[in-house]
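Only one structure is covered here, and it is reproduced in the block below.
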Amino acid sequence: QVQLVESGGGLAQPGGSLRLSCAASGFAFSSSVMTWVRQAPGKGLEWIASIYSSVGNTYYADSVKGRFTISRNNANNTLYLQLNSLKTEDTAMYYCSNSRYDFTTRGQGTQVTVSS
């Protein structure tokens with residue numbers, strides 16, 4: 001079955017950085033579009049970035065463009081999200097998903113808290 005396990009979250013100061021990882025198994029990772037979404041307290045899921053399998057095309061939400069970088073390593077079935085220039089409004093639970101639009105299948109999440 002599909003398994004997605006996120007890690008790397010934590011507490012960061014405004015302006016700081018974190019690197020999230022998502023270990024994937026149970027499906028054809030290398031041929032799948034992969035996505036990061038997040039959910040802030042009291043809010044719905046927000047799509048933030050996707051990466052396609054073929055040539056690695058990447059897409060970002062305006063809220064994170066220029067600050068976050070999505071990448072993947074198909075050799076070890078791992079998805080990454082580099083978070084730079086963090087803002088307090090980036091505080092959320094971050095999830096990875098193996099779909100561009102349907103985020104029903106996602107991991108347990110990793111918490112990112114940005115606070116001074």
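Residue numbers start at 1 in each chain; chains themselves are named A, B, ... in the order of the structure tokens; ligands are numbered from 1 in the order shown.
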Next on the checklist: List as a ChimeraX atom specification the protein and nucleic acid residues near range 39-51 of chain A, meaning an atom at most 10 Å away when only C-alpha atoms are counted, but skip any in the same chain fewer than 4 places from it.
Outcome noted: /A:32-35,55-65,68-72,79,81,89-101,103,109,111-113
Checklist entry - Residues of range 27-106 of chain A in strand (DSSP E or B) according to DSSP, as a ChimeraX atom specification? => result /A:34-39,45-51,58-60,68-73,78-83,92-97,106
Put those residues in a file: N, CA, C and O atoms, as a short mmCIF file (atom, residue, chain, number, x, y, z; two decimals), in the first residue's frame.
```cif
data_model
loop_
_atom_site.label_atom_id
_atom_site.label_comp_id
_atom_site.auth_asym_id
_atom_site.auth_seq_id
_atom_site.Cartn_x
_atom_site.Cartn_y
_atom_site.Cartn_z
N MET A 34 4.50 14.57 -7.52
CA MET A 34 4.52 14.64 -6.07
C MET A 34 4.26 16.08 -5.64
O MET A 34 4.66 17.04 -6.31
N THR A 35 3.60 16.20 -4.51
CA THR A 35 3.10 17.50 -4.07
C THR A 35 3.33 17.69 -2.58
O THR A 35 3.25 16.73 -1.81
N TRP A 36 3.58 18.92 -2.19
CA TRP A 36 3.55 19.32 -0.78
C TRP A 36 2.32 20.20 -0.57
O TRP A 36 2.05 21.10 -1.37
N VAL A 37 1.62 19.93 0.51
CA VAL A 37 0.51 20.76 0.94
C VAL A 37 0.72 21.06 2.42
O VAL A 37 1.52 20.41 3.09
N ARG A 38 0.00 22.05 2.92
CA ARG A 38 0.11 22.37 4.33
C ARG A 38 -1.25 22.77 4.88
O ARG A 38 -2.15 23.14 4.14
N GLN A 39 -1.36 22.67 6.19
CA GLN A 39 -2.60 23.04 6.85
C GLN A 39 -2.27 23.81 8.12
O GLN A 39 -1.67 23.25 9.06
N LEU A 45 -6.58 22.64 3.78
CA LEU A 45 -5.34 22.30 3.11
C LEU A 45 -5.00 23.33 2.05
O LEU A 45 -5.87 23.77 1.29
N GLU A 46 -3.73 23.69 2.00
CA GLU A 46 -3.24 24.66 1.01
C GLU A 46 -2.17 23.99 0.17
O GLU A 46 -1.16 23.54 0.69
N TRP A 47 -2.39 23.93 -1.15
CA TRP A 47 -1.36 23.43 -2.06
C TRP A 47 -0.21 24.42 -2.10
O TRP A 47 -0.43 25.63 -2.21
N ILE A 48 1.03 23.92 -2.01
CA ILE A 48 2.16 24.85 -2.05
C ILE A 48 3.16 24.53 -3.15
O ILE A 48 3.79 25.46 -3.68
N ALA A 49 3.33 23.26 -3.53
CA ALA A 49 4.30 22.97 -4.58
C ALA A 49 4.12 21.57 -5.13
O ALA A 49 3.72 20.67 -4.40
N SER A 50 4.41 21.42 -6.41
CA SER A 50 4.38 20.11 -7.07
C SER A 50 5.58 19.97 -7.97
O SER A 50 6.10 20.96 -8.49
N ILE A 51 5.98 18.71 -8.16
CA ILE A 51 7.08 18.40 -9.07
C ILE A 51 6.68 17.21 -9.91
O ILE A 51 6.21 16.20 -9.39
N THR A 58 8.61 22.06 -11.98
CA THR A 58 8.12 22.43 -10.65
C THR A 58 7.14 23.58 -10.72
O THR A 58 7.23 24.44 -11.62
N TYR A 59 6.22 23.58 -9.78
CA TYR A 59 5.20 24.62 -9.71
C TYR A 59 5.00 25.01 -8.25
O TYR A 59 5.05 24.15 -7.37
N TYR A 60 4.79 26.31 -8.02
CA TYR A 60 4.69 26.82 -6.66
C TYR A 60 3.50 27.74 -6.50
O TYR A 60 3.14 28.48 -7.41
N PHE A 68 10.64 28.71 -1.19
CA PHE A 68 10.63 27.25 -1.02
C PHE A 68 11.08 26.60 -2.33
O PHE A 68 10.82 27.11 -3.42
N THR A 69 11.75 25.45 -2.19
CA THR A 69 12.18 24.68 -3.35
C THR A 69 11.81 23.22 -3.18
O THR A 69 12.21 22.59 -2.19
N ILE A 70 11.04 22.69 -4.14
CA ILE A 70 10.68 21.28 -4.13
C ILE A 70 11.66 20.52 -5.01
O ILE A 70 12.07 21.02 -6.06
N SER A 71 12.04 19.34 -4.56
CA SER A 71 12.95 18.50 -5.34
C SER A 71 12.67 17.05 -5.02
O SER A 71 11.92 16.74 -4.09
N ARG A 72 13.28 16.15 -5.81
CA ARG A 72 13.04 14.73 -5.61
C ARG A 72 14.28 13.94 -5.95
O ARG A 72 15.10 14.38 -6.77
N ASN A 73 14.41 12.79 -5.32
CA ASN A 73 15.46 11.84 -5.63
C ASN A 73 14.78 10.52 -5.98
O ASN A 73 14.32 9.80 -5.08
N THR A 78 12.48 9.63 -2.54
CA THR A 78 12.34 10.66 -1.53
C THR A 78 12.02 12.00 -2.16
O THR A 78 12.62 12.39 -3.17
N LEU A 79 11.09 12.69 -1.56
CA LEU A 79 10.69 14.04 -1.95
C LEU A 79 11.20 15.01 -0.89
O LEU A 79 11.24 14.68 0.31
N TYR A 80 11.60 16.19 -1.34
CA TYR A 80 12.13 17.19 -0.42
C TYR A 80 11.41 18.52 -0.58
O TYR A 80 10.84 18.83 -1.63
N LEU A 81 11.46 19.33 0.48
CA LEU A 81 11.02 20.71 0.40
C LEU A 81 11.98 21.55 1.23
O LEU A 81 12.07 21.37 2.45
N GLN A 82 12.73 22.41 0.56
CA GLN A 82 13.62 23.34 1.24
C GLN A 82 12.86 24.62 1.54
O GLN A 82 12.32 25.24 0.62
N LEU A 83 12.80 24.97 2.79
CA LEU A 83 12.07 26.15 3.23
C LEU A 83 13.08 27.21 3.66
O LEU A 83 13.80 27.01 4.63
N ALA A 92 2.54 25.61 10.11
CA ALA A 92 1.50 24.67 9.64
C ALA A 92 2.02 23.25 9.76
O ALA A 92 3.21 23.02 9.98
N MET A 93 1.10 22.31 9.57
CA MET A 93 1.48 20.92 9.38
C MET A 93 1.70 20.73 7.89
O MET A 93 0.84 21.11 7.09
N TYR A 94 2.83 20.15 7.55
CA TYR A 94 3.18 19.97 6.14
C TYR A 94 3.05 18.49 5.77
O TYR A 94 3.54 17.62 6.50
N TYR A 95 2.40 18.25 4.64
CA TYR A 95 2.15 16.89 4.16
C TYR A 95 2.67 16.73 2.74
O TYR A 95 2.63 17.68 1.95
N CYS A 96 3.06 15.50 2.40
CA CYS A 96 3.35 15.19 1.00
C CYS A 96 2.24 14.29 0.48
O CYS A 96 1.60 13.55 1.22
N SER A 97 2.03 14.37 -0.82
CA SER A 97 0.99 13.60 -1.48
C SER A 97 1.47 13.17 -2.85
O SER A 97 2.32 13.83 -3.45
N ARG A 106 -2.03 11.09 1.79
CA ARG A 106 -0.90 11.88 2.24
C ARG A 106 -0.36 11.24 3.51
O ARG A 106 -0.97 10.37 4.10
#
```
Next on the checklist: Please extract the residues of chain A with a backbone DSSP assignment of helix (DSSP H, G or I) and present them as an NGL selection string.
Outcome noted: :A and (29-31 or 88-90)
Item to check | Proximity to Val5 in chain A - best of A:Ser115, A:Ser17, A:Thr88, A:Thr110, only C-alpha atoms | outcome: A:Thr110
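A straight line drawn from CA of Arg67 in chain A to CA of Gln3 in chain A is 27.5 Å long.
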Checklist entry - Can you list, as a ChimeraX atom specification, every protein, DNA or RNA residue that comes within 9 Å of Gly16 in chain A when you count only C-alpha atoms, leaving out same-chain residues fewer than 2 positions away? => result /A:12-14,18,83-87,114
Checklist entry - So how far away is CA of Leu20 in chain A from CA of Gly107 in chain A, in Å? => result 12.6 Å
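The interatomic distance for the pair CA of Ser116 in chain A and CA of Cys22 in chain A works out to 26.4 Å.
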Item to check | Test item: residues at most 8 Å from Gln1 in chain A, only C-alpha atoms, excluding those fewer than 2 positions along its chain, as a PyMOL selection string | outcome: chain A and resi 3+25-27
Checklist entry - With only C-alpha atoms as the atoms that count, which of A:Leu11, A:Asp102, A:Tyr52, A:Glu6 lies nearest to Ser30 in chain A? => result A:Tyr52
